[in-house]
>>> print(open('target_22.txt').read())   # compact mmCIF, C-alpha atoms
# COMPACT_ATOMS: atom_id res chain seq x y z
CA MET A 1114 47.17 23.77 -18.84
CA PRO A 1115 47.21 20.09 -17.84
CA SER A 1116 44.49 18.99 -15.44
CA VAL A 1117 47.11 18.54 -12.71
CA PHE A 1118 49.70 21.20 -11.84
CA ARG A 1119 52.95 19.54 -10.74
CA ILE A 1120 55.14 21.12 -8.06
CA GLY A 1121 58.71 19.83 -7.85
CA THR A 1122 60.51 19.81 -4.51
CA ARG A 1123 63.25 18.19 -2.51
CA GLY A 1124 62.08 15.55 -0.07
CA SER A 1125 63.29 16.96 3.25
CA PRO A 1126 60.62 17.74 5.85
CA LEU A 1127 61.21 21.47 5.45
CA ALA A 1128 61.12 21.31 1.64
CA LEU A 1129 57.82 19.43 1.77
CA VAL A 1130 56.33 22.01 4.14
CA GLN A 1131 57.37 24.76 1.73
CA ALA A 1132 55.93 22.89 -1.27
CA ASN A 1133 52.66 22.56 0.64
CA MET A 1134 52.74 26.29 1.33
CA VAL A 1135 52.95 26.90 -2.41
CA ARG A 1136 50.16 24.38 -3.06
CA ASP A 1137 47.91 26.06 -0.48
CA ALA A 1138 48.61 29.52 -1.94
CA LEU A 1139 47.82 28.34 -5.47
CA CYS A 1140 44.59 26.66 -4.33
CA ALA A 1141 43.48 29.73 -2.36
CA THR A 1142 44.29 32.16 -5.16
CA HIS A 1143 42.88 30.18 -8.07
CA GLY A 1144 40.03 28.39 -6.29
CA TRP A 1145 41.51 24.96 -7.01
CA PRO A 1146 40.87 21.79 -5.02
CA GLU A 1147 44.03 20.18 -3.62
CA SER A 1148 43.53 17.34 -6.12
CA ARG A 1149 44.44 19.81 -8.89
CA ILE A 1150 48.04 19.82 -7.63
CA GLU A 1151 50.59 17.01 -7.45
CA ILE A 1152 53.73 17.37 -5.35
CA VAL A 1153 56.63 15.59 -7.06
CA VAL A 1154 59.60 14.75 -4.83
CA ILE A 1155 62.99 14.89 -6.52
CA ARG A 1156 66.06 13.66 -4.64
CA THR A 1157 69.06 15.94 -5.07
CA THR A 1158 72.79 15.33 -4.81
CA GLY A 1159 72.86 17.69 -1.85
CA ASP A 1160 70.46 15.39 -0.02
CA ARG A 1161 72.50 12.27 -0.80
CA VAL A 1162 75.97 13.58 0.12
CA GLN A 1163 76.02 14.66 3.77
CA ASP A 1164 79.63 14.20 4.89
CA ARG A 1165 81.27 17.06 3.00
CA ALA A 1166 80.75 20.80 2.67
CA LEU A 1167 78.77 21.88 -0.38
CA ALA A 1168 81.67 24.03 -1.54
CA GLU A 1169 83.80 20.90 -1.92
CA ILE A 1170 81.34 18.94 -4.05
CA GLY A 1171 79.72 21.39 -6.41
CA GLY A 1172 78.18 24.22 -4.39
CA LYS A 1173 74.55 25.30 -4.33
CA ALA A 1174 73.83 23.62 -7.67
CA LEU A 1175 73.67 20.37 -5.71
CA TRP A 1176 70.29 21.55 -4.39
CA THR A 1177 68.95 22.65 -7.78
CA LYS A 1178 70.36 20.70 -10.73
CA GLU A 1179 68.03 17.70 -10.47
CA LEU A 1180 65.02 19.99 -10.05
CA ASP A 1181 66.24 22.05 -13.01
CA ARG A 1182 66.49 18.90 -15.11
CA ALA A 1183 62.96 17.83 -14.15
CA LEU A 1184 61.59 21.30 -14.87
CA LEU A 1185 63.27 21.64 -18.25
CA GLY A 1186 62.30 18.07 -19.12
CA GLY A 1187 58.62 18.82 -18.55
CA GLU A 1188 58.30 16.44 -15.58
CA ILE A 1189 57.14 19.28 -13.33
CA ASP A 1190 55.49 22.65 -13.95
CA CYS A 1191 57.32 24.59 -11.26
CA ALA A 1192 60.07 24.03 -8.68
CA VAL A 1193 60.08 25.27 -5.09
CA HIS A 1194 63.33 26.35 -3.44
CA SER A 1195 64.67 27.94 -0.28
CA MET A 1196 66.08 30.96 -2.07
CA LYS A 1197 69.25 31.16 -0.01
CA ASP A 1198 70.16 27.75 -1.49
CA VAL A 1199 69.72 28.87 -5.11
CA GLU A 1200 72.87 29.83 -7.01
CA THR A 1201 73.02 33.44 -8.16
CA ILE A 1202 73.35 32.76 -11.88
CA ARG A 1203 70.48 30.62 -13.13
CA PRO A 1204 69.93 28.96 -16.54
CA GLU A 1205 68.36 31.31 -19.09
CA ALA A 1206 65.60 28.76 -19.71
CA ILE A 1207 64.41 29.07 -16.08
CA ARG A 1208 63.03 32.11 -14.30
CA ILE A 1209 62.02 32.94 -10.74
CA ALA A 1210 58.31 33.61 -11.17
CA ALA A 1211 57.37 34.42 -7.56
CA LEU A 1212 58.46 34.49 -3.95
CA LEU A 1213 56.15 33.87 -1.02
CA PRO A 1214 56.02 36.49 1.75
CA ARG A 1215 59.31 36.37 3.62
CA ALA A 1216 59.48 34.80 7.07
CA ASP A 1217 61.80 35.60 10.00
CA VAL A 1218 65.24 36.30 8.53
CA ARG A 1219 67.19 35.70 11.75
CA ASP A 1220 69.38 32.80 12.82
CA ARG A 1221 68.55 30.88 15.99
CA LEU A 1222 71.37 29.72 18.27
CA VAL A 1223 70.80 26.29 19.80
CA GLY A 1224 72.93 25.31 22.79
CA ALA A 1225 73.50 28.69 24.44
CA ASP A 1226 71.56 31.85 25.23
CA SER A 1227 73.81 34.07 23.11
CA ILE A 1228 77.07 34.07 21.17
CA ALA A 1229 78.70 35.74 24.18
CA ALA A 1230 77.40 32.97 26.48
CA LEU A 1231 79.17 30.17 24.60
CA ARG A 1232 81.79 28.57 26.85
CA HIS A 1233 85.43 29.44 26.14
CA GLY A 1234 86.73 27.14 23.40
CA ALA A 1235 83.23 25.97 22.48
CA VAL A 1236 82.61 23.91 19.34
CA LEU A 1237 79.92 25.17 16.98
CA GLY A 1238 78.53 22.94 14.23
CA THR A 1239 77.63 24.61 10.94
CA SER A 1240 77.94 24.08 7.21
CA SER A 1241 77.73 27.82 6.47
CA PRO A 1242 80.94 29.78 5.73
CA ARG A 1243 78.99 32.93 6.61
CA ARG A 1244 77.92 31.70 10.05
CA ALA A 1245 81.36 30.25 10.80
CA ALA A 1246 83.13 33.50 9.92
CA GLN A 1247 80.67 35.68 11.84
CA VAL A 1248 80.95 33.57 14.99
CA LYS A 1249 84.75 33.50 14.77
CA ARG A 1250 84.82 37.28 14.36
CA LEU A 1251 82.82 37.67 17.56
CA ARG A 1252 84.44 34.77 19.39
CA PRO A 1253 87.89 33.85 18.01
CA ASP A 1254 88.18 31.10 20.66
CA VAL A 1255 85.26 29.16 19.18
CA THR A 1256 85.99 26.22 16.86
CA THR A 1257 83.61 25.34 14.05
CA ILE A 1258 83.01 21.86 12.64
CA LEU A 1259 80.92 20.67 9.69
CA PHE A 1260 77.24 20.07 10.46
CA ARG A 1261 75.12 19.06 7.45
CA GLY A 1262 71.73 17.42 7.12
CA ASN A 1263 68.18 18.50 7.75
CA VAL A 1264 67.03 20.24 10.93
CA ALA A 1265 66.33 16.98 12.80
CA THR A 1266 69.74 15.57 11.83
CA ARG A 1267 71.58 18.65 13.04
CA LEU A 1268 69.67 18.73 16.31
CA ALA A 1269 70.41 15.02 16.82
CA LYS A 1270 74.13 15.66 16.27
CA LEU A 1271 73.98 18.42 18.84
CA ALA A 1272 72.12 16.20 21.33
CA ALA A 1273 74.76 13.50 20.81
CA GLY A 1274 77.46 15.92 21.95
CA GLU A 1275 79.18 16.38 18.61
CA ALA A 1276 79.20 20.14 19.25
CA ASP A 1277 78.25 22.59 21.97
CA ALA A 1278 75.96 24.67 19.77
CA THR A 1279 74.65 25.17 16.27
CA LEU A 1280 72.88 27.86 14.27
CA LEU A 1281 69.68 27.25 12.30
CA ALA A 1282 67.44 29.54 10.28
CA ALA A 1283 64.51 30.81 12.33
CA ALA A 1284 62.23 30.58 9.28
CA GLY A 1285 62.87 26.87 8.81
CA LEU A 1286 62.30 26.10 12.47
CA GLU A 1287 59.04 28.04 12.48
CA ARG A 1288 57.78 26.31 9.35
CA LEU A 1289 58.49 22.97 11.02
CA GLY A 1290 56.63 24.02 14.16
CA ARG A 1291 59.90 24.17 16.11
CA ASP A 1292 60.04 27.88 16.89
CA ASP A 1293 60.60 26.93 20.52
CA VAL A 1294 64.09 25.67 19.60
CA GLY A 1295 67.03 27.95 20.34
CA VAL A 1296 67.30 31.70 20.76
CA ALA A 1297 66.81 34.20 17.93
CA ILE A 1298 69.94 36.31 17.33
CA ASP A 1299 69.34 39.94 16.39
CA THR A 1300 70.42 40.86 12.85
CA ALA A 1301 72.67 43.54 14.36
CA VAL A 1302 74.74 40.67 15.81
CA LEU A 1303 74.45 38.10 13.01
CA LEU A 1304 73.35 39.56 9.69
CA PRO A 1305 71.57 36.79 7.73
CA ALA A 1306 72.47 35.16 4.46
CA PRO A 1307 71.13 36.83 1.32
CA ALA A 1308 67.58 35.57 0.63
CA GLN A 1309 67.29 33.87 4.04
CA GLY A 1310 63.67 33.23 5.00
CA ALA A 1311 62.39 33.40 1.41
CA VAL A 1312 60.70 30.62 -0.59
CA GLY A 1313 60.94 30.96 -4.36
CA ILE A 1314 59.07 29.28 -7.21
CA GLU A 1315 60.71 28.79 -10.59
CA VAL A 1316 59.10 27.97 -13.93
CA ARG A 1317 60.32 27.41 -17.48
CA ALA A 1318 60.98 30.80 -19.02
CA ASP A 1319 58.84 29.93 -22.06
CA ASP A 1320 55.89 28.59 -20.05
CA ASP A 1321 53.68 31.66 -19.91
CA SER A 1322 50.71 29.75 -18.51
CA ALA A 1323 52.56 28.33 -15.50
CA GLY A 1324 54.32 31.65 -15.04
CA ALA A 1325 51.06 33.57 -14.79
CA LEU A 1326 49.59 31.08 -12.32
CA VAL A 1327 52.65 31.29 -10.08
CA GLU A 1328 53.09 35.06 -10.36
CA ALA A 1329 49.62 35.47 -8.84
CA ILE A 1330 50.83 34.18 -5.45
CA GLY A 1331 54.00 36.27 -5.31
CA ASP A 1332 54.86 38.96 -2.76
CA GLY A 1333 56.26 42.05 -4.46
CA VAL A 1334 58.21 43.41 -1.50
CA THR A 1335 59.91 40.07 -0.88
CA GLN A 1336 60.74 39.77 -4.57
CA ALA A 1337 62.29 43.25 -4.64
CA CYS A 1338 64.34 42.72 -1.49
CA VAL A 1339 65.59 39.24 -2.38
CA GLY A 1340 66.28 40.44 -5.93
CA ALA A 1341 68.49 43.20 -4.53
CA GLU A 1342 70.35 40.80 -2.24
CA ARG A 1343 70.97 38.45 -5.16
CA ALA A 1344 72.13 41.39 -7.31
CA LEU A 1345 74.68 42.21 -4.63
CA LEU A 1346 75.94 38.61 -4.73
CA ALA A 1347 76.19 38.75 -8.51
CA ARG A 1348 78.18 42.00 -8.40
CA LEU A 1349 80.55 40.50 -5.83
CA VAL A 1350 80.88 37.31 -7.92
CA ALA A 1351 80.30 35.53 -4.62
CA ASP A 1352 80.03 31.75 -4.45
CA CYS A 1353 79.37 29.18 -1.72
CA HIS A 1354 82.93 29.68 -0.39
CA SER A 1355 82.31 33.41 0.17
CA PRO A 1356 81.28 34.53 3.67
CA VAL A 1357 78.73 37.22 2.86
CA ALA A 1358 75.64 38.48 4.67
CA ALA A 1359 73.02 40.89 3.37
CA LEU A 1360 69.54 42.11 4.18
CA ALA A 1361 67.33 44.45 2.17
CA THR A 1362 64.16 46.03 3.54
CA ILE A 1363 61.69 48.56 2.12
CA GLU A 1364 59.92 51.25 4.13
CA GLY A 1365 57.96 54.11 2.64
CA GLY A 1366 59.10 53.15 -0.84
CA VAL A 1367 62.79 53.44 0.14
CA MET A 1368 65.06 50.40 0.13
CA HIS A 1369 67.67 49.95 2.86
CA ILE A 1370 70.41 47.35 2.30
CA VAL A 1371 72.95 46.28 4.92
CA ALA A 1372 75.76 43.89 3.98
CA GLU A 1373 78.90 42.34 5.45
CA LEU A 1374 81.87 40.60 3.85
CA LEU A 1375 84.24 38.53 5.98
CA ALA A 1376 87.50 36.66 5.85
CA GLU A 1377 86.92 32.92 6.21
CA ASP A 1378 88.42 32.88 9.71
CA GLY A 1379 86.58 36.02 10.82
CA SER A 1380 89.84 37.91 11.33
CA ALA A 1381 88.75 40.76 9.05
CA HIS A 1382 85.46 42.11 7.77
CA VAL A 1383 83.81 45.10 6.17
CA THR A 1384 80.24 46.31 6.57
CA GLY A 1385 78.17 48.89 4.77
CA ALA A 1386 74.67 50.19 4.23
CA ILE A 1387 72.86 52.16 1.55
CA ARG A 1388 69.42 53.70 1.03
CA GLY A 1389 67.66 54.62 -2.17
CA GLU A 1390 65.30 53.58 -4.92
CA PRO A 1391 64.66 49.82 -4.84
CA GLY A 1392 66.52 47.86 -7.48
CA ALA A 1393 69.67 46.09 -8.55
CA ALA A 1394 71.59 49.35 -9.11
CA LEU A 1395 71.40 50.20 -5.41
CA ALA A 1396 72.73 46.76 -4.43
CA GLU A 1397 75.52 46.97 -7.00
CA ALA A 1398 76.61 50.35 -5.65
CA LEU A 1399 76.86 48.88 -2.15
CA ALA A 1400 78.83 45.90 -3.46
CA ASP A 1401 81.32 48.24 -5.17
CA ASP A 1402 81.71 50.27 -1.98
CA LEU A 1403 82.35 47.17 0.12
CA LEU A 1404 84.98 45.86 -2.30
CA ASP A 1405 86.69 49.27 -2.37
CA ARG A 1406 86.98 49.29 1.44
CA ALA A 1407 87.56 45.60 2.13
CA PRO A 1408 90.88 44.36 3.54
CA GLU A 1409 92.82 42.18 1.10
CA SER A 1410 92.04 39.00 3.06
CA VAL A 1411 88.36 39.70 2.43
CA ARG A 1412 88.55 41.15 -1.08
CA ARG A 1413 90.34 38.11 -2.50
CA LEU A 1414 87.28 35.96 -1.71
CA PHE A 1415 85.06 38.08 -3.97
CA ALA A 1416 84.94 39.61 -7.43
CA GLY A 1417 86.12 36.38 -9.04
>>> encode(input="target_22.txt", output="structure tokens")
Amino acid sequence: MPSVFRIGTRGSPLALVQANMVRDALCATHGWPESRIEIVVIRTTGDRVQDRALAEIGGKALWTKELDRALLGGEIDCAVHSMKDVETIRPEAIRIAALLPRADVRDRLVGADSIAALRHGAVLGTSSPRRAAQVKRLRPDVTTILFRGNVATRLAKLAAGEADATLLAAAGLERLGRDDVGVAIDTAVLLPAPAQGAVGIEVRADDDSAGALVEAIGDGVTQACVGAERALLARLVADCHSPVAALATIEGGVMHIVAELLAEDGSAHVTGAIRGEPGAALAEALADDLLDRAPESVRRLFAG
């Protein structure tokens, strides 16, 4: 191992907080001083292009491709990601070595006390097809507009009157010390995005040394649950255009997965749940069931 372990990250305030979380976990687990770790900021295309939806300009890879290049090029030893921003199919030369313990999976609504409390004809700013479809299903009178940028940027747009409300991940707000912002929406109302609230660390697949160091800070339950949610996405052949929500939990050794597929305009949806032995097979069975029961306007957005 080199004398300094290099963590690659995006440069947003939230990404830097998450990279520091990984640094602190590595130092605590391995007894390292902070000087043993270098945080390397890599600017991504997703950070540079803020005026268009990700689906229009390359999808989730815009958050990962520059970090992938740095990792595979040996410029960094691991890369830290918000797992909901990581595309389902990853390069074979890269593997997810660990996930930190999962934070609050819920969305927080900023600008109103509830979805029902939004004024008639309200404008909601979001860059998420999932959030847009879910809100339109509950409130067909609500209009959605594109809101991109980091948390501070989105809150500034809201304060400037560009929209009446927005939705942000509770986990991100809490990590930024902003858990006083907005109102948490129960998952029974808005089921979260797959992998929401989870921070993942990737390494080169052939770097056994870095892999072992990172694996030591991983949370097994989070890894199993997020792995199942990502397996469901893979079975659906979902992409960043696809409005899909999913949440896996484990209790008493039994996994429970709830998922929802929606039409882009929220006019149709299908939900389902399954319990059983934790693993990809359980998630794939739920995906098959959802596709079998989905209305055509929903089904056409999935399975390729």
>>> atom_distance(input="target_22.txt", atom1="CA of Ala1337 in chain A", atom2="CA of Arg1243 in chain A")
22.6 Å
>>> closest_residue(input="target_22.txt", among="A:Leu1360, A:Leu1271, A:Ala1283, A:Val1350", to="Pro1307 in chain A", atoms="all atoms listed in the file")
A:Leu1360
>>> closest_residue(input="target_22.txt", among="A:Ala1284, A:Val1223, A:Cys1338, A:Ala1297", to="Ala1272 in chain A", atoms="all atoms listed in the file")
A:Val1223
>>> closest_residue(input="target_22.txt", among="A:Arg1136, A:Arg1232, A:Lys1270, A:Arg1288", to="Val1255 in chain A", atoms="only C-alpha atoms")
A:Arg1232
>>> residues_around(input="target_22.txt", residues="range 1322-1335 of chain A", least_positions_apart="6", cutoff="6 Å", atoms="only C-alpha atoms", output="JSON, numbers by chain")
{"A": [1210, 1211, 1212, 1213, 1214, 1215]}
>>> write_last_selection(input="target_22.txt", atoms="C-alpha atoms", output="mmCIF file, keeping the file's coordinate frame")
data_model
loop_
_atom_site.group_PDB
_atom_site.id
_atom_site.type_symbol
_atom_site.label_atom_id
_atom_site.label_comp_id
_atom_site.auth_asym_id
_atom_site.auth_seq_id
_atom_site.Cartn_x
_atom_site.Cartn_y
_atom_site.Cartn_z
ATOM 1 C CA ALA A 1210 58.310 33.610 -11.170
ATOM 2 C CA ALA A 1211 57.370 34.420 -7.560
ATOM 3 C CA LEU A 1212 58.460 34.490 -3.950
ATOM 4 C CA LEU A 1213 56.150 33.870 -1.020
ATOM 5 C CA PRO A 1214 56.020 36.490 1.750
ATOM 6 C CA ARG A 1215 59.310 36.370 3.620
#
>>> closest_residue(input="target_22.txt", among="A:Leu1127, A:Gly1385, A:Glu1275, A:Ser1410", to="Arg1291 in chain A", atoms="all atoms listed in the file")
A:Leu1127
>>> closest_residue(input="target_22.txt", among="A:Phe1118, A:Val1339, A:Val1236, A:Ala1138", to="Gly1274 in chain A", atoms="all atoms listed in the file")
A:Val1236
>>> closest_residue(input="target_22.txt", among="A:Arg1348, A:Ile1314, A:Val1367, A:Leu1374", to="Asp1401 in chain A", atoms="all atoms listed in the file")
A:Arg1348
>>> residues_around(input="target_22.txt", residues="Ala1206 in chain A", least_positions_apart="3", cutoff="10 Å", atoms="only C-alpha atoms", output="list in words")
Asp1181, Leu1184, Leu1185, Arg1203, Val1316, Arg1317, Ala1318, Asp1319 and Asp1320 of chain A
>>> residues_around(input="target_22.txt", residues="Thr1257 in chain A", least_positions_apart="6", cutoff="8 Å", atoms="all atoms listed in the file", output="ChimeraX atom specification")
/A:1236-1239,1245
>>> atom_distance(input="target_22.txt", atom1="CA of Gln1247 in chain A", atom2="CA of Gly1262 in chain A")
20.9 Å
>>> atom_distance(input="target_22.txt", atom1="CA of Arg1156 in chain A", atom2="CA of Cys1191 in chain A")
15.5 Å
>>> residues_near_point(input="target_22.txt", point="(44.1, 20.2, -9.5)", cutoff="9 Å", atoms="all atoms listed in the file", output="mmCIF file with C-alpha atoms, in the frame of the given file")
data_model
loop_
_atom_site.group_PDB
_atom_site.id
_atom_site.type_symbol
_atom_site.label_atom_id
_atom_site.label_comp_id
_atom_site.auth_asym_id
_atom_site.auth_seq_id
_atom_site.Cartn_x
_atom_site.Cartn_y
_atom_site.Cartn_z
ATOM 1 C CA PRO A 1115 47.210 20.090 -17.840
ATOM 2 C CA SER A 1116 44.490 18.990 -15.440
ATOM 3 C CA VAL A 1117 47.110 18.540 -12.710
ATOM 4 C CA PHE A 1118 49.700 21.200 -11.840
ATOM 5 C CA ARG A 1119 52.950 19.540 -10.740
ATOM 6 C CA CYS A 1140 44.590 26.660 -4.330
ATOM 7 C CA TRP A 1145 41.510 24.960 -7.010
ATOM 8 C CA PRO A 1146 40.870 21.790 -5.020
ATOM 9 C CA GLU A 1147 44.030 20.180 -3.620
ATOM 10 C CA SER A 1148 43.530 17.340 -6.120
ATOM 11 C CA ARG A 1149 44.440 19.810 -8.890
ATOM 12 C CA ILE A 1150 48.040 19.820 -7.630
ATOM 13 C CA GLU A 1151 50.590 17.010 -7.450
#
>>> residues_around(input="target_22.txt", residues="range 1356-1358 of chain A", least_positions_apart="4", cutoff="6 Å", atoms="all atoms listed in the file", output="short mmCIF file (atom, residue, chain, number, x, y, z; two decimals) with C-alpha atoms, keeping the file's coordinate frame")
data_model
loop_
_atom_site.label_atom_id
_atom_site.label_comp_id
_atom_site.auth_asym_id
_atom_site.auth_seq_id
_atom_site.Cartn_x
_atom_site.Cartn_y
_atom_site.Cartn_z
CA PRO A 1242 80.94 29.78 5.73
CA ARG A 1243 78.99 32.93 6.61
CA LEU A 1304 73.35 39.56 9.69
CA PRO A 1305 71.57 36.79 7.73
CA ALA A 1306 72.47 35.16 4.46
CA PRO A 1307 71.13 36.83 1.32
CA ALA A 1372 75.76 43.89 3.98
CA GLU A 1373 78.90 42.34 5.45
CA LEU A 1374 81.87 40.60 3.85
CA LEU A 1375 84.24 38.53 5.98
#
>>> residues_around(input="target_22.txt", residues="Gly1124 in chain A", least_positions_apart="3", cutoff="8 Å", atoms="all atoms listed in the file", output="list of chain:residue names")
A:Ala1128, A:Leu1129, A:Val1154, A:Ile1155, A:Arg1156
>>> write_last_selection(input="target_22.txt", atoms="C-alpha atoms", output="PDB file, in the coordinates of the input")
ATOM      1  CA  ALA A1128      61.120  21.310   1.640  1.00  0.00           C
ATOM      2  CA  LEU A1129      57.820  19.430   1.770  1.00  0.00           C
ATOM      3  CA  VAL A1154      59.600  14.750  -4.830  1.00  0.00           C
ATOM      4  CA  ILE A1155      62.990  14.890  -6.520  1.00  0.00           C
ATOM      5  CA  ARG A1156      66.060  13.660  -4.640  1.00  0.00           C
TER       6      ARG A1156
END
